[in-house]
$ cat my_file-v9.txt   # compact mmCIF, C-alpha atoms
# COMPACT_ATOMS: atom_id res chain seq x y z
CA MET Z 1194 -3.86 -31.33 -26.12
CA ASN Z 1195 -2.47 -30.06 -22.81
CA VAL Z 1196 -2.81 -26.60 -21.30
CA ALA Z 1197 0.71 -25.55 -22.35
CA GLU Z 1198 -0.01 -26.36 -26.02
CA VAL Z 1199 -3.33 -24.51 -25.92
CA THR Z 1200 -1.66 -21.49 -24.30
CA ALA Z 1201 1.13 -21.49 -26.93
CA LYS Z 1202 -1.36 -21.58 -29.81
CA THR Z 1203 -3.42 -18.80 -28.23
CA LYS Z 1204 -0.28 -16.69 -27.85
CA VAL Z 1205 0.48 -17.09 -31.58
CA LEU Z 1206 -3.04 -16.03 -32.52
CA LEU Z 1207 -2.94 -13.00 -30.24
CA GLU Z 1208 0.43 -11.93 -31.67
CA ALA Z 1209 -1.09 -12.05 -35.16
CA LEU Z 1210 -4.28 -10.16 -34.22
CA PRO Z 1211 -2.96 -6.55 -34.44
CA TYR Z 1212 -1.36 -7.31 -37.81
CA ILE Z 1213 -4.57 -8.82 -39.15
CA GLN Z 1214 -6.52 -5.77 -37.95
CA ASP Z 1215 -3.96 -3.37 -39.46
CA PHE Z 1216 -3.58 -5.11 -42.82
CA ARG Z 1217 -7.26 -5.77 -43.49
CA GLY Z 1218 -8.20 -4.08 -46.79
CA SER Z 1219 -4.54 -3.64 -47.81
CA THR Z 1220 -3.03 -5.01 -51.01
CA PHE Z 1221 -0.14 -7.48 -50.94
CA VAL Z 1222 1.73 -8.63 -54.04
CA ILE Z 1223 3.41 -12.02 -53.70
CA LYS Z 1224 6.15 -13.12 -56.12
CA TYR Z 1225 5.87 -16.91 -56.15
CA GLY Z 1226 9.15 -18.37 -57.43
CA GLY Z 1227 12.26 -20.34 -56.58
CA SER Z 1228 13.10 -24.02 -56.70
CA PHE Z 1229 10.34 -24.85 -54.19
CA MET Z 1230 7.90 -24.23 -57.06
CA ASP Z 1231 9.47 -27.16 -58.92
CA ASP Z 1232 9.79 -29.47 -55.90
CA PRO Z 1233 8.34 -32.89 -56.80
CA ASP Z 1234 6.93 -33.04 -53.27
CA PRO Z 1235 3.67 -31.04 -53.49
CA VAL Z 1236 3.68 -30.32 -49.72
CA ALA Z 1237 5.84 -27.17 -50.01
CA ARG Z 1238 3.67 -25.74 -52.79
CA THR Z 1239 0.52 -26.61 -50.86
CA ARG Z 1240 1.79 -24.84 -47.73
CA VAL Z 1241 2.41 -21.65 -49.71
CA ALA Z 1242 -1.08 -21.89 -51.25
CA TYR Z 1243 -2.64 -22.20 -47.78
CA ASP Z 1244 -0.68 -19.15 -46.62
CA ILE Z 1245 -1.98 -17.17 -49.60
CA ALA Z 1246 -5.54 -18.33 -48.89
CA PHE Z 1247 -5.08 -17.40 -45.22
CA LEU Z 1248 -4.05 -13.84 -46.13
CA ALA Z 1249 -7.12 -13.49 -48.35
CA ALA Z 1250 -9.37 -14.87 -45.59
CA CYS Z 1251 -8.00 -12.14 -43.30
CA GLY Z 1252 -9.34 -9.48 -45.67
CA ILE Z 1253 -6.04 -8.77 -47.44
CA ASN Z 1254 -6.19 -8.22 -51.21
CA VAL Z 1255 -3.62 -10.73 -52.45
CA VAL Z 1256 -2.17 -10.61 -55.97
CA VAL Z 1257 0.26 -13.34 -57.05
CA VAL Z 1258 2.91 -13.10 -59.77
CA HIS Z 1259 4.57 -16.43 -60.54
CA GLY Z 1260 7.76 -17.46 -62.30
CA GLY Z 1261 8.40 -20.72 -64.11
CA GLY Z 1262 11.95 -20.81 -65.47
CA LYS Z 1263 12.53 -24.53 -64.90
CA ALA Z 1264 9.16 -25.47 -66.37
CA ILE Z 1265 10.03 -23.43 -69.47
CA THR Z 1266 13.41 -25.14 -69.82
CA LYS Z 1267 11.75 -28.59 -69.62
CA ALA Z 1268 9.09 -27.60 -72.17
CA MET Z 1269 11.76 -26.29 -74.53
CA GLU Z 1270 13.73 -29.52 -74.25
CA SER Z 1271 10.57 -31.48 -75.07
CA SER Z 1272 10.10 -29.24 -78.13
CA GLY Z 1273 13.71 -29.72 -79.24
CA LEU Z 1274 14.66 -26.12 -78.48
CA LYS Z 1275 17.89 -25.18 -76.74
CA ALA Z 1276 17.85 -22.55 -73.98
CA ASN Z 1277 20.30 -19.69 -74.51
CA PHE Z 1278 21.18 -17.14 -71.84
CA VAL Z 1279 23.04 -13.82 -71.95
CA ASN Z 1280 24.13 -12.53 -68.54
CA GLY Z 1281 21.40 -14.57 -66.86
CA HIS Z 1282 18.66 -13.45 -69.26
CA ARG Z 1283 16.88 -16.00 -71.46
CA VAL Z 1284 17.17 -15.24 -75.17
CA THR Z 1285 13.66 -15.60 -76.58
CA ASP Z 1286 13.14 -16.02 -80.31
CA ALA Z 1287 9.78 -16.51 -82.05
CA ALA Z 1288 9.73 -20.28 -81.48
CA THR Z 1289 10.75 -19.89 -77.85
CA ILE Z 1290 8.15 -17.25 -76.94
CA ALA Z 1291 5.37 -19.57 -78.15
CA VAL Z 1292 6.60 -22.28 -75.77
CA VAL Z 1293 7.15 -19.75 -72.95
CA LYS Z 1294 3.63 -18.33 -73.19
CA LYS Z 1295 1.95 -21.74 -73.43
CA THR Z 1296 3.95 -23.10 -70.46
CA LEU Z 1297 3.43 -20.08 -68.21
CA ASP Z 1298 -0.26 -19.55 -69.02
CA GLU Z 1299 -1.50 -23.10 -69.40
CA VAL Z 1300 0.77 -25.14 -67.14
CA VAL Z 1301 2.40 -23.09 -64.37
CA ASN Z 1302 -0.47 -20.64 -63.88
CA LYS Z 1303 -2.96 -23.51 -63.75
CA ASP Z 1304 -0.82 -25.36 -61.18
CA VAL Z 1305 -0.69 -22.30 -58.92
CA CYS Z 1306 -4.44 -21.71 -59.30
CA ASP Z 1307 -5.19 -25.38 -58.53
CA ALA Z 1308 -3.05 -25.23 -55.38
CA VAL Z 1309 -4.79 -22.07 -54.11
CA ALA Z 1310 -8.19 -23.59 -54.91
CA THR Z 1311 -7.25 -26.69 -52.89
CA ALA Z 1312 -6.68 -24.34 -49.94
CA LYS Z 1313 -10.25 -23.03 -50.44
CA GLY Z 1314 -8.99 -19.75 -51.90
CA LYS Z 1315 -10.59 -18.19 -55.01
CA PRO Z 1316 -7.83 -17.89 -57.64
CA LYS Z 1317 -8.30 -16.23 -61.01
CA GLY Z 1318 -5.61 -17.00 -63.57
CA LEU Z 1319 -4.66 -13.95 -65.63
CA PRO Z 1320 -2.36 -14.40 -68.64
CA GLY Z 1321 0.13 -11.60 -68.20
CA ASP Z 1322 -0.42 -10.15 -71.66
CA THR Z 1323 -4.05 -9.38 -70.73
CA VAL Z 1324 -2.98 -6.99 -67.95
CA LEU Z 1325 0.63 -6.04 -68.79
CA VAL Z 1326 2.02 -3.91 -71.63
CA CYS Z 1327 5.73 -3.74 -72.39
CA GLU Z 1328 8.37 -2.42 -74.69
CA LYS Z 1329 11.27 -4.50 -76.00
CA LEU Z 1330 14.12 -4.74 -73.49
CA ILE Z 1331 17.19 -3.06 -74.96
CA VAL Z 1332 19.25 -2.45 -71.80
CA ASP Z 1333 19.91 -4.96 -69.00
CA ASP Z 1334 19.97 -4.15 -65.27
CA GLU Z 1335 23.69 -3.29 -65.54
CA GLY Z 1336 22.99 -0.68 -68.21
CA ASN Z 1337 24.45 -2.76 -71.04
CA ALA Z 1338 22.79 -2.80 -74.47
CA VAL Z 1339 21.20 -6.18 -75.20
CA ASP Z 1340 19.04 -7.87 -77.80
CA LEU Z 1341 17.26 -10.82 -76.23
CA GLY Z 1342 14.51 -11.16 -78.82
CA TYR Z 1343 10.99 -11.27 -77.39
CA VAL Z 1344 11.97 -10.07 -73.92
CA GLY Z 1345 10.24 -6.99 -72.56
CA ASP Z 1346 10.21 -4.36 -69.84
CA VAL Z 1347 6.76 -3.55 -68.41
CA THR Z 1348 5.58 -0.02 -69.17
CA GLU Z 1349 1.91 -0.31 -68.18
CA VAL Z 1350 -0.18 -2.34 -65.75
CA LYS Z 1351 -3.93 -2.46 -66.42
CA VAL Z 1352 -4.87 -1.76 -62.83
CA LYS Z 1353 -8.63 -1.61 -63.40
CA LEU Z 1354 -8.72 -5.19 -64.70
CA ILE Z 1355 -6.78 -6.49 -61.69
CA LYS Z 1356 -8.85 -4.48 -59.22
CA LYS Z 1357 -12.05 -5.79 -60.79
CA GLU Z 1358 -10.98 -9.37 -60.03
CA ILE Z 1359 -10.08 -8.36 -56.47
CA GLY Z 1360 -13.44 -6.60 -56.10
CA ASP Z 1361 -15.19 -9.78 -57.25
CA GLY Z 1362 -13.48 -11.68 -54.44
CA PHE Z 1363 -10.74 -13.37 -56.47
CA ILE Z 1364 -6.99 -13.77 -55.95
CA PRO Z 1365 -5.43 -12.74 -59.29
CA ILE Z 1366 -2.63 -15.10 -60.38
CA ILE Z 1367 -0.54 -13.35 -63.07
CA SER Z 1368 1.96 -14.94 -65.46
CA PRO Z 1369 5.11 -12.97 -66.44
CA VAL Z 1370 4.22 -12.41 -70.09
CA ALA Z 1371 3.37 -8.95 -71.45
CA GLU Z 1372 1.95 -7.60 -74.68
CA GLY Z 1373 4.38 -5.58 -76.75
CA HIS Z 1374 3.46 -2.44 -78.64
CA ASP Z 1375 3.57 -4.64 -81.75
CA GLY Z 1376 0.74 -6.78 -80.31
CA LYS Z 1377 3.01 -9.79 -79.75
CA PRO Z 1378 3.71 -11.54 -76.41
CA TYR Z 1379 7.02 -10.90 -74.66
CA ASN Z 1380 8.77 -12.81 -71.90
CA VAL Z 1381 9.37 -10.59 -68.82
CA ASN Z 1382 11.45 -11.19 -65.70
CA ALA Z 1383 8.90 -12.22 -63.05
CA ASP Z 1384 10.69 -10.27 -60.31
CA LEU Z 1385 10.35 -7.09 -62.36
CA VAL Z 1386 6.70 -7.85 -63.11
CA ALA Z 1387 5.96 -8.24 -59.39
CA GLY Z 1388 7.60 -4.89 -58.67
CA ARG Z 1389 5.71 -3.08 -61.44
CA VAL Z 1390 2.37 -4.62 -60.39
CA ALA Z 1391 3.00 -3.70 -56.73
CA SER Z 1392 3.83 -0.11 -57.71
CA ALA Z 1393 0.77 0.24 -59.93
CA LEU Z 1394 -1.51 -1.12 -57.19
CA ARG Z 1395 0.23 0.98 -54.50
CA ALA Z 1396 0.62 -2.25 -52.55
CA ARG Z 1397 1.21 -2.16 -48.81
CA ARG Z 1398 3.63 -5.09 -49.08
CA LEU Z 1399 5.64 -6.75 -51.84
CA VAL Z 1400 6.95 -10.21 -50.90
CA TYR Z 1401 9.52 -12.14 -52.91
CA MET Z 1402 9.37 -15.87 -52.14
CA SER Z 1403 12.41 -17.79 -53.38
CA ASP Z 1404 14.78 -20.52 -52.23
CA VAL Z 1405 17.12 -18.38 -50.11
CA PRO Z 1406 16.52 -17.08 -46.54
CA GLY Z 1407 16.87 -13.43 -47.59
CA LEU Z 1408 19.93 -11.21 -47.93
CA LEU Z 1409 23.01 -12.67 -46.24
CA ALA Z 1410 25.86 -10.39 -45.13
CA ASN Z 1411 28.29 -13.30 -45.55
CA PRO Z 1412 26.84 -15.72 -48.13
CA PRO Z 1413 26.20 -18.62 -47.71
CA ASP Z 1414 26.22 -18.28 -43.87
CA VAL Z 1415 22.49 -18.29 -42.96
CA ALA Z 1416 23.37 -16.88 -39.54
CA SER Z 1417 24.38 -13.63 -41.28
CA LEU Z 1418 20.80 -12.85 -42.37
CA ILE Z 1419 20.16 -9.10 -42.72
CA SER Z 1420 16.78 -8.60 -41.03
CA THR Z 1421 16.19 -4.98 -42.09
CA LEU Z 1422 17.90 -3.14 -44.94
CA LYS Z 1423 17.60 0.54 -45.80
CA ILE Z 1424 17.73 1.73 -49.41
CA SER Z 1425 20.77 3.85 -48.51
CA GLN Z 1426 22.74 0.68 -47.63
CA VAL Z 1427 22.15 -1.10 -50.94
CA ASP Z 1428 24.98 0.41 -53.02
CA ASP Z 1429 27.59 -0.58 -50.44
CA LEU Z 1430 26.31 -4.16 -50.37
CA LYS Z 1431 26.47 -4.31 -54.17
CA LYS Z 1432 30.11 -3.14 -54.13
CA ARG Z 1433 30.94 -5.79 -51.54
CA GLY Z 1434 29.27 -8.50 -53.60
CA VAL Z 1435 26.63 -9.22 -50.96
CA ILE Z 1436 23.91 -8.33 -53.48
CA ASP Z 1437 24.94 -10.22 -56.58
CA LYS Z 1438 23.69 -12.30 -59.52
CA GLY Z 1439 20.02 -13.28 -59.13
CA MET Z 1440 19.48 -10.91 -56.21
CA ARG Z 1441 20.32 -7.80 -58.25
CA PRO Z 1442 17.09 -7.63 -60.30
CA LYS Z 1443 15.07 -8.47 -57.17
CA VAL Z 1444 16.67 -5.67 -55.14
CA GLN Z 1445 16.51 -3.23 -58.06
CA SER Z 1446 12.79 -3.87 -58.56
CA ALA Z 1447 12.29 -3.64 -54.78
CA ILE Z 1448 13.89 -0.19 -54.63
CA ARG Z 1449 11.85 1.04 -57.58
CA ALA Z 1450 8.66 -0.26 -55.95
CA LEU Z 1451 9.50 1.51 -52.68
CA GLU Z 1452 10.21 4.75 -54.54
CA GLU Z 1453 6.84 4.43 -56.31
CA GLY Z 1454 4.65 3.96 -53.25
CA VAL Z 1455 5.05 0.42 -51.91
CA GLN Z 1456 5.59 0.62 -48.14
CA ARG Z 1457 7.84 -2.40 -47.53
CA VAL Z 1458 9.45 -5.21 -49.49
CA HIS Z 1459 10.26 -8.63 -48.04
CA PHE Z 1460 12.57 -11.45 -49.21
CA ILE Z 1461 11.70 -14.82 -47.67
CA ASP Z 1462 12.45 -18.51 -48.16
CA GLY Z 1463 9.42 -20.31 -49.59
CA ARG Z 1464 10.86 -23.68 -48.51
CA LEU Z 1465 10.34 -22.88 -44.83
CA PRO Z 1466 6.93 -23.97 -43.52
CA HIS Z 1467 4.54 -21.01 -43.52
CA SER Z 1468 7.34 -18.47 -43.99
CA LEU Z 1469 4.85 -16.03 -45.53
CA LEU Z 1470 2.67 -15.95 -42.40
CA LEU Z 1471 5.69 -15.80 -40.09
CA GLU Z 1472 7.10 -12.81 -41.95
CA ILE Z 1473 3.82 -10.89 -42.06
CA PHE Z 1474 2.11 -11.75 -38.78
CA THR Z 1475 4.95 -11.94 -36.22
CA ASP Z 1476 6.99 -9.24 -34.53
CA HIS Z 1477 10.42 -10.36 -35.73
CA GLY Z 1478 9.74 -12.02 -39.08
CA ILE Z 1479 12.08 -14.58 -40.65
CA GLY Z 1480 13.48 -12.94 -43.80
CA THR Z 1481 14.85 -9.59 -44.99
CA GLU Z 1482 12.72 -6.47 -45.26
CA ILE Z 1483 13.81 -3.47 -47.32
CA VAL Z 1484 12.54 -0.08 -46.15
CA HIS Z 1485 12.98 3.57 -47.09
CA GLY Z 1486 15.01 4.39 -44.01
$ encode --input "my_file-v9.txt" --output "structure tokens"
Amino acid sequence: MNVAEVTAKTKVLLEALPYIQDFRGSTFVIKYGGSFMDDPDPVARTRVAYDIAFLAACGINVVVVHGGGKAITKAMESSGLKANFVNGHRVTDAATIAVVKKTLDEVVNKDVCDAVATAKGKPKGLPGDTVLVCEKLIVDDEGNAVDLGYVGDVTEVKVKLIKKEIGDGFIPIISPVAEGHDGKPYNVNADLVAGRVASALRARRLVYMSDVPGLLANPPDVASLISTLKISQVDDLKKRGVIDKGMRPKVQSAIRALEEGVQRVHFIDGRLPHSLLLEIFTDHGIGTEIVHG
């Protein structure tokens, strides 16, 4: 290794130092989702796991909420069940919720935990219905009345249980399933779960990892990335169609989290090598951050 390479690496470490010092002891909630989760090449998933382990090693309290839509669809096909969607929401009947819970808790959650453990982190898998309480979802994010079966909206996060795992040195890995008031499990949008968990924990940062670079002013032109977005600018972007489809629940949960105490929310592309570290520990970041303004 020549002097120039050593100098460049030292420069990167020194740029990260003030962030590491500032964030030590803070809580970060990471939403782990997107097609990179389902990539047959394990390298992308492993990189994300190492980033999560790195944050924890820096003294940051990391909590992970994962998705698993594609894994659920595959499991349903194997069980002979057909996936039905209404306005992007999965309709979940009694047979479907059994498959959803088993897949999220026993397959996807285990995969995420195994990846973090490989990176020498200390994951602790938490079935969502052990730490999340919900009521049946009756209105979608557009305000329309819906009946999606066993689909819920989180009303309570059992903060003490999550904080106990953090206090014991673990990285909680939470599946997006909640317990209904009827005692039955409900499927919950993982983006919304991440937002509710971040609010309840008064997280310093909420990071949504997906398979898009962030918010684009002119989709799909990646050069039009919006680096910083204020809450006051969101309505205009919705009217212009910039925030649309799958981004709407993400942005809505981001705004709610900010209004309930989370300091900043980030949208980053999990497919980019070490995007999580680049967003958190560098001056310019690589995704979109949403702030109060």
$ axis_aligned_box --input "my_file-v9.txt" --around "region 1450-1469 of chain Z" --padding-each-side "4 Å" --output "JSON"
{"center_x": 8.6, "center_y": -9.6, "center_z": -49.9, "size_x": 16.0, "size_y": 36.7, "size_z": 20.8}
$ residues_near_point --input "my_file-v9.txt" --point "(4.5, -5.3, -56.5)" --cutoff "12 Å" --atoms "all atoms listed in the file" --output "MDAnalysis selection string"
chainID Z and resid 1220:1225 1255:1259 1350 1352 1367 1383:1401 1443 1446:1459
$ residues_near_point --input "my_file-v9.txt" --point "(-1.7, -9.8, -69.7)" --cutoff "8 Å" --atoms "only C-alpha atoms" --output "PyMOL selection string"
chain Z and resi 1319-1326+1367-1368+1370-1372
$ closest_residue --input "my_file-v9.txt" --among "Z:Gly1463, Z:Gly1407, Z:Gly1480, Z:Pro1365" --to "Ile1436 (chain Z)" --atoms "only C-alpha atoms"
Z:Gly1407
$ closest_residue --input "my_file-v9.txt" --among "Z:Leu1469, Z:Cys1306, Z:Ile1253, Z:Ala1237" --to "Phe1216 (chain Z)" --atoms "all atoms listed in the file"
Z:Ile1253
$ atom_distance --input "my_file-v9.txt" --atom1 "CA of Ile1359 (chain Z)" --atom2 "CA of Gln1445 (chain Z)"
27.1 Å
$ closest_residue --input "my_file-v9.txt" --among "Z:Gly1218, Z:Thr1348, Z:Asp1462, Z:Tyr1379" --to "Val1415 (chain Z)" --atoms "all atoms listed in the file"
Z:Asp1462
$ closest_residue --input "my_file-v9.txt" --among "Z:Gly1486, Z:Gly1373, Z:Gly1252, Z:Gly1362" --to "Glu1349 (chain Z)" --atoms "all atoms listed in the file"
Z:Gly1373
$ residues_around --input "my_file-v9.txt" --residues "His1374 (chain Z)" --least-positions-apart "4" --cutoff "9 Å" --atoms "all atoms listed in the file" --output "list in words"
Val1326, Cys1327, Glu1328 and Lys1329 of chain Z
$ closest_residue --input "my_file-v9.txt" --among "Z:Val1484, Z:Val1196, Z:Asn1254, Z:Arg1464" --to "Gly1360 (chain Z)" --atoms "only C-alpha atoms"
Z:Asn1254
$ closest_atom_pairs --input "my_file-v9.txt" --of "region 1396-1470 of chain Z" --to "region 1279-1283 of chain Z" --cutoff "12 Å" --atoms "only C-alpha atoms" --output "Markdown table"
| residue | atom | partner | partner_atom | distance |
| --- | --- | --- | --- | --- |
| Z:Asp1437 | CA | Z:Gly1281 | CA | 11.7 |
| Z:Lys1438 | CA | Z:Gly1281 | CA | 8.0 |
| Z:Gly1439 | CA | Z:Gly1281 | CA | 8.0 |
| Z:Met1440 | CA | Z:Gly1281 | CA | 11.4 |
| Z:Arg1441 | CA | Z:Gly1281 | CA | 11.0 |
| Z:Pro1442 | CA | Z:Gly1281 | CA | 10.5 |
$ atom_distance --input "my_file-v9.txt" --atom1 "CA of Gly1261 (chain Z)" --atom2 "CA of Asp1298 (chain Z)"
10.0 Å
$ closest_residue --input "my_file-v9.txt" --among "Z:Val1292, Z:Ala1312, Z:Leu1248, Z:Val1381" --to "Asp1333 (chain Z)" --atoms "only C-alpha atoms"
Z:Val1381
$ atom_distance --input "my_file-v9.txt" --atom1 "CA of Ser1219 (chain Z)" --atom2 "CA of Pro1406 (chain Z)"
25.0 Å
$ residues_around --input "my_file-v9.txt" --residues "Phe1247 (chain Z)" --least-positions-apart "6" --cutoff "12 Å" --atoms "all atoms listed in the file" --output "number ranges by chain"
Z: 1213, 1217, 1240-1241, 1253-1255, 1309-1310, 1312-1315, 1364, 1467, 1469-1470, 1473-1474
